[in-house]
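Printed here is start-v8.txt (compact mmCIF, C-alpha atoms):
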# COMPACT_ATOMS: atom_id res chain seq x y z
CA MET W 1 56.09 45.14 -22.24
CA GLN W 2 56.28 42.64 -25.09
CA THR W 3 53.83 43.55 -27.87
CA PHE W 4 52.20 41.51 -30.63
CA THR W 5 50.21 42.03 -33.81
CA GLY W 6 46.48 41.38 -33.97
CA TYR W 7 47.17 38.23 -35.97
CA GLN W 8 49.55 36.96 -33.30
CA TYR W 9 46.93 37.60 -30.63
CA LEU W 10 44.56 35.35 -32.58
CA LEU W 11 47.19 32.61 -32.47
CA ILE W 12 47.65 33.18 -28.72
CA ASP W 13 43.88 33.01 -28.24
CA ILE W 14 43.71 29.66 -30.05
CA ALA W 15 46.49 28.24 -27.88
CA ASN W 16 44.79 29.61 -24.73
CA GLN W 17 41.47 27.97 -25.55
CA TYR W 18 43.23 24.71 -26.39
CA GLY W 19 44.73 24.68 -22.89
CA HIS W 20 48.20 26.15 -23.38
CA ASP W 21 47.63 29.38 -21.44
CA LYS W 22 50.54 28.54 -19.08
CA MET W 23 53.06 28.73 -21.94
CA LEU W 24 55.07 31.84 -22.77
CA PHE W 25 53.39 34.03 -25.39
CA GLU W 26 55.95 33.16 -28.07
CA GLU W 27 55.50 29.44 -27.32
CA ARG W 28 51.74 29.76 -27.79
CA ILE W 29 52.30 31.50 -31.11
CA GLN W 30 54.74 28.78 -32.16
CA TRP W 31 52.31 26.02 -31.19
CA ALA W 32 49.41 27.53 -33.12
CA THR W 33 51.65 28.24 -36.13
CA ALA W 34 53.02 24.70 -36.13
CA HIS W 35 49.46 23.32 -36.23
CA LEU W 36 48.10 26.00 -38.54
CA GLN W 37 46.91 23.56 -41.20
CA GLU W 38 45.23 21.18 -38.78
CA LEU W 39 43.66 23.47 -36.18
CA GLU W 40 40.11 22.36 -36.99
CA THR W 41 40.97 18.70 -36.44
CA LEU W 42 42.27 19.43 -32.93
CA SER W 43 39.01 20.86 -31.59
CA ASP W 44 37.96 17.62 -29.85
CA LYS W 45 41.07 17.83 -27.68
CA ALA W 46 40.64 21.52 -26.79
CA GLU W 47 40.09 22.44 -23.15
CA CYS W 48 37.28 24.84 -24.11
CA GLN W 49 35.87 23.54 -27.38
CA PRO W 50 33.31 26.27 -28.21
CA LEU W 51 35.78 29.14 -27.66
CA TYR W 52 38.56 27.21 -29.43
CA LYS W 53 36.38 26.70 -32.51
CA LYS W 54 35.34 30.36 -32.44
CA ALA W 55 38.98 31.48 -32.27
CA VAL W 56 39.95 29.22 -35.18
CA MET W 57 37.04 30.56 -37.26
CA ALA W 58 38.17 34.12 -36.52
CA LEU W 59 41.71 33.28 -37.62
CA ARG W 60 40.49 31.79 -40.91
CA LYS W 61 38.47 34.91 -41.66
CA ALA W 62 41.44 37.11 -40.76
CA GLN W 63 43.57 35.13 -43.21
CA GLN W 64 41.04 36.05 -45.91
CA GLY W 65 40.93 39.69 -44.86
CA ILE W 66 37.36 39.42 -43.57
CA PRO W 67 36.51 41.52 -40.46
CA THR W 68 35.10 39.36 -37.65
CA GLY W 69 34.63 41.50 -34.55
CA HIS W 70 36.20 38.62 -32.62
CA LEU W 71 37.29 39.52 -29.07
CA VAL W 72 40.42 38.13 -27.46
CA GLY W 73 40.31 37.72 -23.69
CA PHE W 74 43.16 37.77 -21.19
CA ASP W 75 42.83 36.88 -17.49
CA ALA W 76 44.64 38.35 -14.51
CA VAL W 77 46.99 35.79 -12.96
CA CYS W 78 45.55 34.77 -9.56
CA SER W 79 43.87 38.16 -9.28
CA GLY W 80 43.21 38.18 -5.53
CA ILE W 81 46.81 37.46 -4.55
CA GLN W 82 48.01 39.73 -7.36
CA ILE W 83 46.05 42.70 -6.01
CA MET W 84 47.02 42.02 -2.39
CA SER W 85 50.69 41.76 -3.38
CA ALA W 86 50.57 45.04 -5.31
CA LEU W 87 48.93 46.87 -2.39
CA THR W 88 51.47 45.56 0.13
CA GLY W 89 54.54 46.08 -2.07
CA CYS W 90 55.31 42.36 -1.98
CA VAL W 91 57.85 41.36 -4.65
CA ALA W 92 57.48 37.63 -3.91
CA GLY W 93 53.69 37.65 -4.35
CA ALA W 94 53.98 39.92 -7.39
CA THR W 95 56.48 37.50 -8.93
CA ALA W 96 54.13 34.57 -8.30
CA THR W 97 51.30 36.39 -10.09
CA GLY W 98 53.07 37.70 -13.18
CA LEU W 99 53.69 41.28 -12.04
CA VAL W 100 57.47 40.79 -11.79
CA ASP W 101 59.91 38.90 -14.05
CA PRO W 102 58.79 39.53 -17.65
CA ASN W 103 60.25 36.27 -19.00
CA VAL W 104 58.19 33.89 -16.85
CA ARG W 105 54.52 33.02 -17.13
CA ALA W 106 53.95 32.81 -13.39
CA ASP W 107 51.35 30.69 -11.60
CA ALA W 108 50.92 31.11 -7.84
CA TYR W 109 49.04 27.81 -7.54
CA SER W 110 51.94 25.85 -9.05
CA ALA W 111 54.39 27.83 -6.89
CA VAL W 112 52.53 26.82 -3.72
CA THR W 113 52.34 23.21 -4.92
CA LYS W 114 56.11 23.17 -5.49
CA ALA W 115 56.83 24.82 -2.14
CA MET W 116 54.62 22.31 -0.32
CA GLN W 117 56.35 19.42 -2.04
CA THR W 118 59.74 20.79 -1.00
CA ILE W 119 58.62 21.20 2.62
CA LEU W 120 57.01 17.75 2.85
CA GLY W 121 59.60 15.78 0.93
CA PRO W 122 59.21 12.91 -1.56
CA GLN W 123 57.12 10.76 0.78
CA PHE W 124 54.14 13.08 0.15
CA THR W 125 52.43 13.95 -3.13
CA VAL W 126 50.70 17.30 -3.55
CA SER W 127 48.41 18.00 -6.51
CA ARG W 128 48.10 21.45 -8.06
CA LYS W 129 44.29 21.14 -7.93
CA ASN W 130 44.29 20.65 -4.16
CA ALA W 131 46.76 23.48 -3.65
CA LYS W 132 44.68 25.77 -5.88
CA ASP W 133 41.37 24.98 -4.19
CA ALA W 134 42.88 25.59 -0.74
CA LEU W 135 44.76 28.73 -1.76
CA MET W 136 41.83 30.46 -3.49
CA THR W 137 39.66 30.23 -0.40
CA SER W 138 42.29 30.63 2.33
CA PHE W 139 43.40 34.05 1.07
CA TYR W 140 39.81 35.15 1.55
CA GLY W 141 39.80 33.96 5.15
CA SER W 142 38.60 30.35 4.87
CA LYS W 143 40.10 27.75 7.19
CA ALA W 144 37.50 25.08 6.53
CA THR W 145 38.51 24.37 2.92
CA PRO W 146 42.24 23.82 3.62
CA LYS W 147 41.28 21.53 6.52
CA ARG W 148 38.86 19.59 4.32
CA ILE W 149 41.55 19.10 1.66
CA PHE W 150 44.64 18.50 3.80
CA GLY W 151 43.11 17.35 7.08
CA GLU W 152 43.28 18.88 10.53
CA ASP W 153 46.58 19.05 12.42
CA THR W 154 48.41 17.26 9.61
CA PRO W 155 51.88 17.81 8.11
CA GLU W 156 50.15 18.66 4.82
CA LEU W 157 48.09 21.45 6.37
CA ASP W 158 51.13 22.90 8.13
CA ALA W 159 53.08 22.73 4.88
CA PHE W 160 50.27 24.45 3.01
CA TYR W 161 50.24 27.45 5.35
CA GLU W 162 54.03 27.66 5.35
CA ALA W 163 54.10 27.51 1.53
CA ALA W 164 51.37 30.16 1.18
CA ASN W 165 53.34 32.51 3.42
CA GLN W 166 56.53 31.83 1.45
CA VAL W 167 54.97 32.45 -1.95
CA ALA W 168 52.94 35.57 -1.05
CA PRO W 169 54.02 36.97 2.33
CA GLY W 170 52.49 40.40 1.69
CA ALA W 171 49.11 38.95 0.81
CA TRP W 172 49.31 36.67 3.85
CA GLU W 173 50.03 39.63 6.13
CA LEU W 174 47.20 41.63 4.57
CA LEU W 175 44.86 38.67 5.09
CA GLN W 176 45.48 38.86 8.84
CA ASP W 177 45.01 42.65 8.86
CA LEU W 178 41.72 42.45 7.00
CA LEU W 179 40.49 39.71 9.33
CA GLY W 180 41.37 42.06 12.18
CA SER W 181 39.44 44.93 10.59
CA TRP W 182 36.09 43.38 11.52
CA GLN W 183 34.18 45.74 13.80
CA PRO W 184 32.37 43.69 16.47
CA PHE W 185 28.57 43.91 16.20
CA ALA W 186 28.70 46.61 13.51
CA LEU W 187 25.65 46.47 11.25
CA VAL W 188 27.63 47.54 8.19
CA HIS W 189 31.21 47.89 6.98
CA GLU W 190 31.79 50.63 4.42
CA TRP W 191 34.61 52.33 2.55
CA LYS W 192 35.23 54.50 -0.50
CA LEU W 193 37.38 53.63 -3.50
CA PRO W 194 39.67 56.17 -5.24
CA ASP W 195 37.05 56.96 -7.90
CA GLY W 196 34.46 57.78 -5.25
CA PHE W 197 32.50 54.54 -5.49
CA ASP W 198 31.01 53.50 -2.15
CA ALA W 199 31.34 49.94 -0.90
CA ARG W 200 28.72 49.32 1.75
CA VAL W 201 28.26 45.78 3.00
CA LYS W 202 25.62 44.99 5.59
CA VAL W 203 26.25 42.21 8.10
CA MET W 204 23.47 39.71 7.45
CA GLN W 205 22.67 36.71 9.64
CA LYS W 206 20.66 33.71 8.54
CA LYS W 207 17.53 33.17 10.61
CA GLU W 208 14.85 30.51 10.74
CA ALA W 209 11.19 30.74 11.69
CA ARG W 210 8.67 27.95 12.05
CA ILE W 211 5.47 28.86 10.20
CA GLU W 212 2.12 27.21 10.94
CA VAL W 213 -0.68 27.48 8.37
CA ASP W 214 -4.10 27.19 10.00
CA GLU W 215 -5.88 26.79 6.67
CA LEU W 216 -3.79 23.68 5.86
CA ASP W 217 -4.70 21.71 8.96
CA HIS W 218 -1.99 23.51 10.89
CA ALA W 219 0.77 22.23 8.61
CA THR W 220 4.15 23.75 9.38
CA PHE W 221 7.27 24.60 7.44
CA THR W 222 10.59 26.29 8.15
CA TYR W 223 11.14 29.72 6.58
CA GLU W 224 14.72 30.92 6.20
CA PHE W 225 15.57 34.62 5.90
CA TYR W 226 18.42 37.05 6.51
CA GLU W 227 18.44 39.85 9.06
CA ASN W 228 20.79 42.81 9.40
CA GLU W 229 22.48 41.85 12.65
CA GLY W 230 26.07 42.38 13.80
CA THR W 231 28.42 39.62 14.96
CA ARG W 232 31.46 39.58 17.20
CA THR W 233 33.74 38.24 14.46
CA GLY W 234 33.57 37.78 10.72
CA LEU W 235 35.60 36.86 7.64
CA SER W 236 33.91 38.72 4.82
CA ASN W 237 35.95 41.94 4.97
CA VAL W 238 38.82 40.09 3.31
CA ALA W 239 36.99 39.08 0.15
CA ASN W 240 34.83 42.20 0.04
CA VAL W 241 37.73 44.66 0.25
CA VAL W 242 39.88 42.80 -2.28
CA HIS W 243 36.95 42.38 -4.66
CA SER W 244 36.14 46.07 -4.35
CA VAL W 245 39.67 46.92 -5.47
CA ASP W 246 39.31 44.37 -8.27
CA ALA W 247 36.15 46.20 -9.38
CA TYR W 248 37.99 49.52 -9.17
CA ILE W 249 40.69 48.17 -11.49
CA LEU W 250 38.00 47.04 -13.91
CA ARG W 251 36.39 50.50 -13.96
CA SER W 252 39.80 52.10 -14.43
CA ILE W 253 40.54 49.95 -17.48
CA HIS W 254 37.21 50.89 -19.04
CA ARG W 255 37.76 54.60 -18.38
CA ARG W 256 41.28 54.56 -19.81
CA CYS W 257 40.50 52.49 -22.91
CA ASN W 258 36.97 53.46 -23.91
CA TYR W 259 37.29 57.20 -23.33
CA ASP W 260 35.85 60.38 -24.87
CA ARG W 261 38.83 61.61 -26.87
CA GLU W 262 37.67 65.22 -27.20
CA MET W 263 36.95 65.49 -23.48
CA VAL W 264 40.34 64.04 -22.53
CA GLN W 265 42.15 66.32 -25.00
CA ASN W 266 40.44 69.37 -23.50
CA ALA W 267 41.25 68.25 -19.97
CA TYR W 268 44.86 67.59 -20.97
CA ARG W 269 45.26 71.11 -22.34
CA MET W 270 43.77 72.63 -19.18
CA VAL W 271 45.94 70.60 -16.82
CA GLN W 272 49.05 71.19 -18.91
CA SER W 273 48.52 74.95 -19.01
CA SER W 274 48.02 74.97 -15.23
CA MET W 275 51.44 73.46 -14.56
CA ASN W 276 53.06 76.91 -14.57
CA HIS W 277 51.11 77.60 -11.37
CA SER W 278 52.81 75.31 -8.87
CA GLU W 279 50.59 75.99 -5.86
CA ASN W 280 47.11 74.58 -5.57
CA VAL W 281 44.26 76.75 -4.32
CA THR W 282 41.52 75.77 -1.89
CA LEU W 283 38.16 75.43 -3.56
CA ASP W 284 35.45 77.13 -1.55
CA ILE W 285 32.62 75.24 -3.24
CA GLU W 286 31.38 71.72 -2.83
CA GLY W 287 31.07 69.67 -5.98
CA LYS W 288 32.47 66.78 -7.97
CA VAL W 289 35.97 68.20 -8.25
CA THR W 290 36.24 68.83 -4.51
CA TYR W 291 34.83 65.36 -3.87
CA TYR W 292 37.35 63.63 -6.11
CA ILE W 293 40.22 65.68 -4.71
CA LYS W 294 39.34 64.29 -1.28
CA GLN W 295 39.50 60.75 -2.63
CA TYR W 296 42.93 61.44 -4.11
CA GLU W 297 44.27 63.06 -0.93
CA ARG W 298 43.30 59.99 1.09
CA SER W 299 44.50 57.29 -1.27
CA GLY W 300 47.19 58.91 -3.40
CA VAL W 301 45.55 57.37 -6.48
CA ALA W 302 44.93 59.80 -9.33
CA ASP W 303 41.87 58.82 -11.36
CA VAL W 304 40.57 60.17 -14.65
CA VAL W 305 37.03 60.05 -13.29
CA ILE W 306 37.63 63.71 -12.36
CA LEU W 307 38.37 64.87 -15.91
CA PRO W 308 34.81 65.69 -17.13
CA TYR W 309 34.36 68.12 -14.22
CA LEU W 310 37.57 70.13 -14.62
CA ASP W 311 37.52 73.69 -15.92
CA SER W 312 40.07 76.49 -16.24
CA LEU W 313 39.43 77.62 -12.64
CA ASN W 314 38.85 74.54 -10.51
CA VAL W 315 41.84 72.75 -12.05
CA TYR W 316 43.96 74.85 -9.66
CA GLY W 317 42.27 73.09 -6.77
CA LEU W 318 44.38 70.03 -7.60
CA SER W 319 47.84 69.79 -6.11
CA LEU W 320 50.79 69.93 -8.48
CA ILE W 321 51.60 66.26 -8.01
CA HIS W 322 47.95 65.34 -8.60
CA ARG W 323 48.03 67.25 -11.88
CA LYS W 324 51.31 65.59 -12.89
CA LYS W 325 49.87 62.14 -12.31
CA LEU W 326 46.77 62.97 -14.35
CA LEU W 327 48.94 64.25 -17.20
CA GLU W 328 50.88 60.99 -17.28
CA ILE W 329 47.68 58.96 -17.37
CA MET W 330 46.12 61.12 -20.08
CA GLU W 331 49.26 60.92 -22.20
CA SER W 332 49.13 57.13 -22.07
CA MET W 333 45.44 57.21 -23.00
CA LEU W 334 45.78 59.66 -25.88
CA ALA W 335 48.64 57.64 -27.33
CA TYR W 336 45.99 55.22 -28.63
CA LYS W 337 42.49 55.51 -30.05
CA PRO W 338 39.49 54.71 -27.78
CA PHE W 339 38.06 51.19 -28.02
CA GLU W 340 35.49 49.06 -26.25
CA VAL W 341 36.38 46.58 -23.54
CA VAL W 342 34.24 43.68 -22.33
CA SER W 343 35.11 42.46 -18.85
CA VAL W 344 33.92 39.71 -16.55
CA HIS W 345 35.55 39.89 -13.12
CA ASP W 346 39.28 39.65 -13.91
CA GLU W 347 39.01 38.76 -17.61
CA PHE W 348 39.37 41.58 -20.13
CA LYS W 349 38.33 41.21 -23.76
CA CYS W 350 38.88 43.49 -26.71
CA HIS W 351 39.62 43.39 -30.43
CA PRO W 352 43.03 41.70 -30.93
CA ASN W 353 44.39 44.85 -32.58
CA ASN W 354 43.81 46.72 -29.29
CA MET W 355 45.16 44.17 -26.82
CA ASN W 356 48.63 45.73 -26.52
CA HIS W 357 47.11 48.94 -25.20
CA LEU W 358 44.74 47.14 -22.83
CA ARG W 359 47.60 45.11 -21.34
CA GLN W 360 49.68 48.27 -20.93
CA GLN W 361 46.88 50.09 -19.14
CA TYR W 362 46.39 47.14 -16.79
CA ILE W 363 50.09 47.22 -15.94
CA ASN W 364 49.91 50.99 -15.40
CA VAL W 365 46.97 50.69 -12.99
CA LEU W 366 48.63 47.94 -10.91
CA ALA W 367 51.90 49.90 -10.77
CA GLU W 368 50.05 53.02 -9.60
CA LEU W 369 48.25 51.04 -6.88
CA ALA W 370 51.60 49.65 -5.69
CA GLU W 371 52.93 53.20 -5.37
CA SER W 372 49.83 54.59 -3.68
CA ASN W 373 48.53 54.86 -0.11
CA LEU W 374 45.33 53.02 -1.01
CA LEU W 375 45.87 50.26 1.54
CA ASP W 376 46.39 52.83 4.33
CA ASP W 377 43.20 54.53 3.20
CA LEU W 378 41.09 51.34 3.13
CA LEU W 379 42.28 50.07 6.51
CA SER W 380 41.83 53.50 8.09
CA GLN W 381 38.26 53.68 6.83
CA LEU W 382 37.46 50.20 8.13
CA HIS W 383 38.96 50.88 11.56
CA GLY W 384 37.66 54.44 11.81
CA SER W 385 41.11 55.76 12.75
CA ILE W 386 44.18 56.85 10.80
CA GLY W 387 46.92 54.25 10.38
CA SER W 388 49.55 53.07 7.94
CA PHE W 389 50.74 49.81 6.44
CA LYS W 390 54.49 49.58 5.90
CA LYS W 391 55.02 48.24 2.40
CA LEU W 392 57.40 45.32 2.08
CA THR W 393 59.30 47.17 -0.66
CA PRO W 394 58.91 50.79 -1.80
CA ASN W 395 59.71 50.37 -5.51
CA LEU W 396 57.42 47.57 -6.65
CA GLY W 397 55.72 49.88 -9.15
CA ASN W 398 58.91 50.15 -11.20
CA LYS W 399 59.18 46.37 -11.41
CA ILE W 400 55.52 46.00 -12.39
CA ARG W 401 56.00 48.38 -15.33
CA LEU W 402 58.41 45.84 -16.84
CA SER W 403 55.99 42.93 -16.65
CA ASN W 404 54.58 40.85 -19.49
CA TYR W 405 52.23 38.39 -17.84
CA ALA W 406 50.07 40.44 -15.46
CA LEU W 407 47.30 39.48 -17.87
CA SER W 408 47.77 36.19 -19.66
Give the structure from the file, written as structure tokens.
Amino acid sequence: MQTFTGYQYLLIDIANQYGHDKMLFEERIQWATAHLQELETLSDKAECQPLYKKAVMALRKAQQGIPTGHLVGFDAVCSGIQIMSALTGCVAGATATGLVDPNVRADAYSAVTKAMQTILGPQFTVSRKNAKDALMTSFYGSKATPKRIFGEDTPELDAFYEAANQVAPGAWELLQDLLGSWQPFALVHEWKLPDGFDARVKVMQKKEARIEVDELDHATFTYEFYENEGTRTGLSNVANVVHSVDAYILRSIHRRCNYDREMVQNAYRMVQSSMNHSENVTLDIEGKVTYYIKQYERSGVADVVILPYLDSLNVYGLSLIHRKKLLEIMESMLAYKPFEVVSVHDEFKCHPNNMNHLRQQYINVLAELAESNLLDDLLSQLHGSIGSFKKLTPNLGNKIRLSNYALS
């Protein structure tokens, strides 16, 4: 992964807020450096003026050696498609969302726009905005938005679906599988994430009741409410499952960056000393460690959420490979001091001096998800029966570890 100094991250932040977030990192640095003496005068042209001005003010203070506490924020590139591509082992979708090819600042929306234009030919014009609006909703199961934008039974609509499948075939396949995971007339769909968090989504139907008020000369009004009632079909599993994994990634980043150093050091020593004992033992007690082991055995995702509960005895309840994975994660954590992270959905903010480590941890998490059985686990929980999803490629994790623009 390409790394930068805190000062360079301030320059990148300024370029981002101006509207140059699609450039390569070095191009953003060059742009901000070239306009260093006139940054204040450019604020009226900035895409996000308040954040641009704030970033410029932080840079000026940094130039004077004054601490600012300014936070630099990086967004995931098309996070929904990015996550779905990682889970399915899809190199094409991962490439379109910055997880593959470290020398390209990818943009799935532009990729779909270009693919549509190629399919339709020069007689049609496709805007990135239309492609983006259709793509964002369609990968969460919507058919109404693409039809509203491109029309029904039109060459443009056909080209859109063909382009979406070309750009992110793994995500497109997963979309169909998640649509098929709807349990007819179930009152709730629920599943567990690798860190033991429960996702439990009730099926709610909008109802109407006509209310008559005797005391107001029998005036009436319509009261709308929601009732827990199952339906034969539904779309919401797509967005809910993907968003739950998005939230899991967010929690993972916080745990890996803003950690208790003493606790992690103690856990590291315990796990490391246990490696001489290659066989795991069966714990005969119920508790947090047993609970988290079950999550790992289902998903294949090792999570540091288990660390506070490990001791010199129950650590042997973890399989050897589970312990190895935890050691690798802890080593990457302990290589850098703990620091705070502020996150909103798929945007991660931290002090510019810490951004290299945050970006690396994000890459690590996505690579681990690509190598895991998490998708098998989620689909099996939704269907209530064991199954497997054949990944499009088995080695996507290795490619993700070379990425630069997973967060941009």
Counting only C-alpha atoms, the residue of W:Val203, W:Ala209, W:Leu250, W:Ile306 that sits nearest W:Val188: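 Going through W:Val203, W:Ala209, W:Leu250, W:Ile306 one by one, the smallest distance to W:Val188 is for W:Val203.
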Pairwise distance for atom CA of W:Thr5 and atom CA of W:Pro352, rounded to one decimal in Å: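 We find that atom CA of W:Thr5 and atom CA of W:Pro352 lie 7.7 Å from each other.
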Nearest residue to W:Asp311 from the set W:Ser299, W:Lys288, W:Val242, W:Ser332 (distances using only C-alpha atoms): W:Lys288
Shortest interatomic distance to W:Arg232 - which of W:Ser181, W:Gln123, W:Thr220, W:Gln272, counting all atoms listed in the file: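 Distance minimum relative to W:Arg232 lands on W:Ser181.
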Selected residue, from W:Lys399, W:His20, W:His345, W:Arg148, that lies nearest to W:Ala32 when counting all atoms listed in the file: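 Ranking W:Lys399, W:His20, W:His345, W:Arg148 by distance to W:Ala32, first place goes to W:His20.
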Find the residues of stretch 65-151 of chain W that sit at most 10 Å from stretch 372-381 of chain W; for each, write down the nearest two atoms and how far apart they are in Å, to one decimal. Count all atoms listed in the file. Sort by chain, then by number going up, and give it as a Markdown table.
| residue | atom | partner | partner_atom | distance |
| --- | --- | --- | --- | --- |
| W:Met84 | CA | W:Leu375 | CA | 9.2 |
| W:Ala86 | CA | W:Ser372 | CA | 9.7 |
| W:Leu87 | CA | W:Leu375 | CA | 6.0 |
| W:Thr88 | CA | W:Leu375 | CA | 7.4 |
| W:Gly89 | CA | W:Ser372 | CA | 9.9 |
Could you write out as AutoDock Vina command-line options the box around stretch 160-168 of chain W (axis-aligned, all atoms listed in the file, 5 Å on each side), with centre and edge lengths in Å to one decimal?
--center_x 53.4 --center_y 30.0 --center_z 1.7 --size_x 16.3 --size_y 21.1 --size_z 17.3
Atom-to-atom span, atom CA of W:Val112 and atom CA of W:Thr137, Å: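 Calculated distance between atom CA of W:Val112 and atom CA of W:Thr137 is 13.7 Å.
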Option closest in space to W:Asp177, from W:Leu59, W:Ile321, W:Ala370, W:Leu235 [counting all atoms listed in the file]: W:Leu235
Surrounding residues of W:Thr231 excluding itself and chain neighbours under 3 positions, 12 Å, only C-alpha atoms, as an NGL selection string: :W and (182-189 or 202-206 or 227-228 or 234-236)
All residues 8 Å or closer to W:Ser79, all atoms listed in the file, same chain fewer than 4 positions away omitted, as a PyMOL selection string: chain W and resi 83+97+246+346
Selected residue, from W:Tyr291, W:Tyr7, W:Tyr161, W:Phe139, that lies nearest to W:His243 when counting only C-alpha atoms: W:Phe139
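One finds atom CA of W:Val100 at 28.1 Å from atom CA of W:Arg323.
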